[in-house]
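Engineer: Please find one structure pasted underneath; my questions will follow.
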Amino acid sequence: MGRIHRLLLATVLCSTALTATAQELPGVANPTRWPQAKSPQLIDAATEKKITALLARLSLEEKVGQMIQADIGAITPEDLRRYPLGSILAGGSSPPIGSPDRSPAGPWIATSRAFNAVALEQRPGHVSIPLMFGVDAVHGNNNVIGATIFPHNSALGATRDPALIRRIGAVTAEETAAAGIDWAFGPTLAVPQDDRWGRAYEGYSEDPAIVASYAGAMIDGLQGKPGAWGIQRGQVAASAKHFLGDGGTKDGIDQGDAQVDEATLIKIHDAGYPGAVKAGAMTIMASFSSWNGVKMHGNKSLLTDVLKGRMGFDGFIVGDWNGHGQIPGCSNTDCPATFNAGLDMAMAPDSWKGLYDSTLAAAKAGTIPAARIDDAVRRILRVKMKLGLFDMARPWEAKSDTIGSAAHRAVAREAVAKSLVLLKNNGILPLKPSANILVAGDAADDIARQSGGWTLSWQGDGNTNKDFPGATSIYAGIAAAAKAGGGSATLSPDGSFTTKPDVAIVVFGELPYAEMRGDVRTLEFEPGDKQALALLTKLKAAGVPTVSVFLSGRPLWVNPELNQSDAFVAAWFPGSEGAGVADVLIGGKRDFNGKLAFSWPKTAGQFVLNKGGPNYDPLFAFDYGLSYAKGAPVTRLSEVAGIDASLANTSLFFARGKVPAPFTLAVDSTVQRSAVDSATTQEGAVQLAWTGAGAARIRGPELALVREVNADLNLQLTYRTVKPPIGPVMLSLGGGKVDIAPILAKASGWQVLRVPLKCFRDKGAAMDTVTEPFALTASAPFAITIADLRLATDPADAVCPQ
């Protein structure tokens, strides 16, 4: 092609790009199509004058520092003398300084004070500016021992009660401020459209109208009314998240791509943000996700043109955990593009030092314009001033007794009762207070299970009832109600009894989870491992009427369990006040209030099932919910899942004497295989005996376990050493090997071994192409019995053998 032709083509392409509408360009918004809003009272002349004077005193180094946020697990107060950062956070599993992860308010207050003491030091060349300290207080101040833990958002959507949401926000703010923390990363305003998404429970509803009705209410609760803000009043900064489209990613994949047109993005996923802005939200968090292929952390048309421009947002935009590093051309430690796109503060938990250095260099070089730097810092200082952080008085730090107070727990208990949704009642509810009640199920007396993810740890695992002083398990609440009514309640997790009870309440459901780990491939509950169903079936065969209390973050296909239940209650993840369940089930003084905010699937393959959507055919429609005053029969349901359950199984390799599909167990000729009893089940285990060098292997379809590595999963083996090894025994996953012979040799009786997936990765496993998730190799005789083998979330006692 000649030079003139090339110039003509370039001219045509340039003209086409200039005349194309924003909607024709993937990931580019047209601001005129978006709703208008305006932040109230964040900007006033007196405050802006103070900010202007302060900006004039700040060095470029200090300005850049305001734009970087570090996690307390990766920074010390002393680091602030060299790196004058503007904010710290405590990630889901980051403990306060010098204390265990599960700590009461005292260590959190001490941590906040230690960092602020350095930030506020009077020293040459330093301008004293208070830090902002942020945490994921997403259902109460869920980082602190003894705090009030509220139901997760998917439960709160069922209450249809914005006034209750406002009160929950106020309680959360008070308990957060009382722990020395001034910034809550919430509310989540996602509108989940695919229930496979592991963060679906962080959304209030599939219906944007419910999300919109709650957004301003929660902001009001956390921050107070515009103009009446202040940490001194027990209020904290809110952070509406995650802007934008996180609930609409393709296939429900966390941090994925929302492949929708601009009209859908506005109508569904932006529904809550105008109300949040109008309520005075001080911060908004950018989403990990993309819109039509463009990462939100780098989307200038949405962050700057729409959110700050059209929607009039005057607070600041904060990033999510190293989200800037996912922008093409960026890394966790170097990303001018994110600031140029409109991000004001980058969340760089463990990458803060490198990001500070590279951002400072970019600012000096003009890669990030000085005006953009000043705008970002102005917005951050504006929020700090409006929140009262420059006023050093923190009276709420002397009110730690408000954390978990009786008044606060009463609000949470009310929220539990109002959020319960009655799916089925064949005349068994309400229960008589005088009844002899059997309380069964593995979650009946487990506050961690009923609280779910984002509770004392990121994924909500590793917790016991001792970690929840003042809280009440569902069983304890039932027992108290029965005692008060002249009845009795007996706890029996496996459903065994000597005297036949009048009724059994069976509490079961999902294990706690958060992002990534919570993503699933099917909506079938317990695919391939139907322990809860077995318990319900056993009780039904014994002639015991059963009430199922189902714990979950989302609707799941539970038709077999529904068929085996005389009544079935969707209790979601209710939090620390389990007595709220008994308030409705027993006595009949309080009726069911909850209505489904998420449609309930008829098959396990109805991933995208939303009110008003195409081919809408749910088992229980949006807004469904029975009550004592208004019942309806539920006939026997189809138990055809509608999807191959084996396709969903990527984590269970051996259980209850079987290797579930799609996995198979193969042994060499030198390894003898036999069915034996486990600690709980006849022939529920397999014994493997080596007579010489050989291996036992579990194989299956290719697994990509990179996300599971990032979510800190373990390979969990429940075993008993029958004949101790006399040589190495190599445990491998994906080709990464560790020697567990020393552990097996010392073991006595049934044991649980947990090896982090990171351990196998570090030993050379290719985690994106795992076809052999388990292999055990030995060169000398030994024998082992295996009762259970799976990928698991519990980090307790996890080890990485050499």
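Residues are named by chain letter and number: chains run A, B, ... in the order of the structure tokens, numbers start at 1 in each chain, and ligands are numbered from 1 in the order shown.
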Among range 147-373 of chain A, which ones does DSSP assign to strand (DSSP E or B) (computed from the backbone)? Answer as a PyMOL selection string.
Structural biologist: chain A and resi 183-184+188+237+239-243+257-258+283-286+290-291+294-295+316-318+331+334+345-347
Engineer: So which residues touch Ile740 in chain A within 10 Å, counting only C-alpha atoms, skipping near sequence neighbours fewer than 5 positions away, as a list in words?
Structural biologist: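 Here the qualifying residues turn out to be Pro725, Pro728, Val729, Met730, Leu731, Ser732, Ala745, Leu753, Val755, Leu776, Cys800, Pro801 and Gln802 of chain A.
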Engineer: Using only C-alpha atoms, which protein or nucleic acid residues come within 8 Å of Thr721 in chain A? Drop anything in the same chain fewer than 4 positions from it, and give the result as a list in words.
Structural biologist: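 Counting only the stated atoms, we get Leu744, Ala745, Ala747, Ser748, Gly749, Trp750, Ala783, Ile784 and Thr785 of chain A.
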Engineer: Return as a PyMOL selection string the full set of residues in range 574-688 of chain A whose backbone-based DSSP assignment is helix (DSSP H, G or I).
Structural biologist: chain A and resi 579-585+645-647
Engineer: Residues near range 596-600 of chain A, anyone? I mean within 6 Å using only C-alpha atoms, not counting same-chain ones fewer than 4 positions away, as an NGL selection string.
Structural biologist: :A and (157-158 or 205-206 or 555 or 618-624)
Engineer: Would you mind exporting the chosen residues as a compact mmCIF listing (two decimals), in the first residue's frame, restricted to N, CA, C and O atoms?
Structural biologist:
```txt
# COMPACT_ATOMS: atom_id res chain seq x y z
N GLY A 157 -32.71 -8.42 51.83
CA GLY A 157 -33.60 -8.10 50.72
C GLY A 157 -34.98 -8.68 50.93
O GLY A 157 -35.98 -8.12 50.44
N ALA A 158 -35.08 -9.79 51.65
CA ALA A 158 -36.37 -10.44 51.88
C ALA A 158 -37.25 -9.67 52.86
O ALA A 158 -38.45 -9.91 52.94
N SER A 205 -30.77 -8.02 46.18
CA SER A 205 -31.82 -8.62 45.36
C SER A 205 -31.40 -8.68 43.90
O SER A 205 -30.52 -7.94 43.46
N GLU A 206 -32.08 -9.54 43.16
CA GLU A 206 -31.96 -9.55 41.70
C GLU A 206 -32.74 -8.38 41.09
O GLU A 206 -32.56 -8.06 39.91
N PRO A 555 -30.48 -18.72 46.56
CA PRO A 555 -31.38 -19.85 46.30
C PRO A 555 -30.60 -20.99 45.65
O PRO A 555 -29.74 -20.76 44.80
N PRO A 618 -39.63 -20.13 37.43
CA PRO A 618 -39.03 -20.55 38.70
C PRO A 618 -39.89 -21.58 39.43
O PRO A 618 -41.06 -21.78 39.11
N LEU A 619 -39.29 -22.21 40.43
CA LEU A 619 -40.07 -23.05 41.34
C LEU A 619 -40.90 -22.14 42.26
O LEU A 619 -42.11 -22.33 42.43
N PHE A 620 -40.21 -21.15 42.86
CA PHE A 620 -40.89 -20.15 43.68
C PHE A 620 -40.51 -18.78 43.10
O PHE A 620 -39.32 -18.43 43.05
N ALA A 621 -41.49 -18.04 42.69
CA ALA A 621 -41.23 -16.79 41.99
C ALA A 621 -40.75 -15.70 42.94
O ALA A 621 -40.95 -15.76 44.17
N PHE A 622 -40.12 -14.71 42.38
CA PHE A 622 -39.78 -13.50 43.11
C PHE A 622 -41.01 -13.01 43.87
O PHE A 622 -42.11 -13.01 43.33
N ASP A 623 -40.83 -12.64 45.12
CA ASP A 623 -41.89 -12.13 46.01
C ASP A 623 -42.69 -13.25 46.68
O ASP A 623 -43.62 -12.98 47.43
N TYR A 624 -42.32 -14.50 46.42
CA TYR A 624 -43.00 -15.62 47.07
C TYR A 624 -42.59 -15.68 48.55
O TYR A 624 -41.44 -15.43 48.91
```
Engineer: Write out as a PyMOL selection string the residues lying within 10 Å of range 127-131 of chain A, counting only C-alpha atoms and excluding same-chain residues fewer than 5 positions away.
Structural biologist: chain A and resi 54-55+57-59+62+66+69+84-88+112-113+115-122+182+381+384-385+388-392
Engineer: Which residue, A:Ala337, A:Gly700, A:Leu456, A:Ser669, has the smallest gap to Pro100 in chain A when you use only C-alpha atoms?
Structural biologist: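 When distances to Pro100 in chain A are compared using only C-alpha atoms, the smallest one comes from A:Leu456.
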Engineer: For Arg394 in chain A, work out the shell of residues within 9 Å, counting only C-alpha atoms and skipping chain neighbours fewer than 6 positions away, then give it as number ranges by chain.
Structural biologist: A: 177-178, 180, 231-234
Engineer: Which is closest to Lys353 in chain A among A:Val549, A:Asn710, A:Met767, A:Tyr83, if we use only C-alpha atoms?
Structural biologist: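 Nearest to Lys353 in chain A: A:Tyr83.
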Engineer: Out of A:Gly312, A:Pro781, A:Pro574, A:Gly140, which residue has the shortest atom-to-atom distance to Gly727 in chain A when counting only C-alpha atoms?
Structural biologist: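 Among A:Gly312, A:Pro781, A:Pro574, A:Gly140, it is A:Pro781 that comes nearest to Gly727 in chain A.
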Engineer: Please, what distance in Å, to one decimal, runs between CA of Asp739 in chain A and CA of Thr718 in chain A?
Structural biologist: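 Computing it gives 16.6 Å between the two atoms.
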Engineer: Go through A:Thr546, A:Thr172, A:Asn593, A:Asn322 and flag the residue nearest Ala629 in chain A, using only C-alpha atoms for the distances.
Structural biologist: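 That would be A:Asn593, the residue with the smallest distance to Ala629 in chain A.
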Engineer: Tell me which of A:Ala792, A:Val569, A:Leu533, A:Val64 sits closest to Pro336 in chain A, counting only C-alpha atoms.
Structural biologist: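 Of A:Ala792, A:Val569, A:Leu533, A:Val64, the one nearest Pro336 in chain A is A:Val64, counting only C-alpha atoms.
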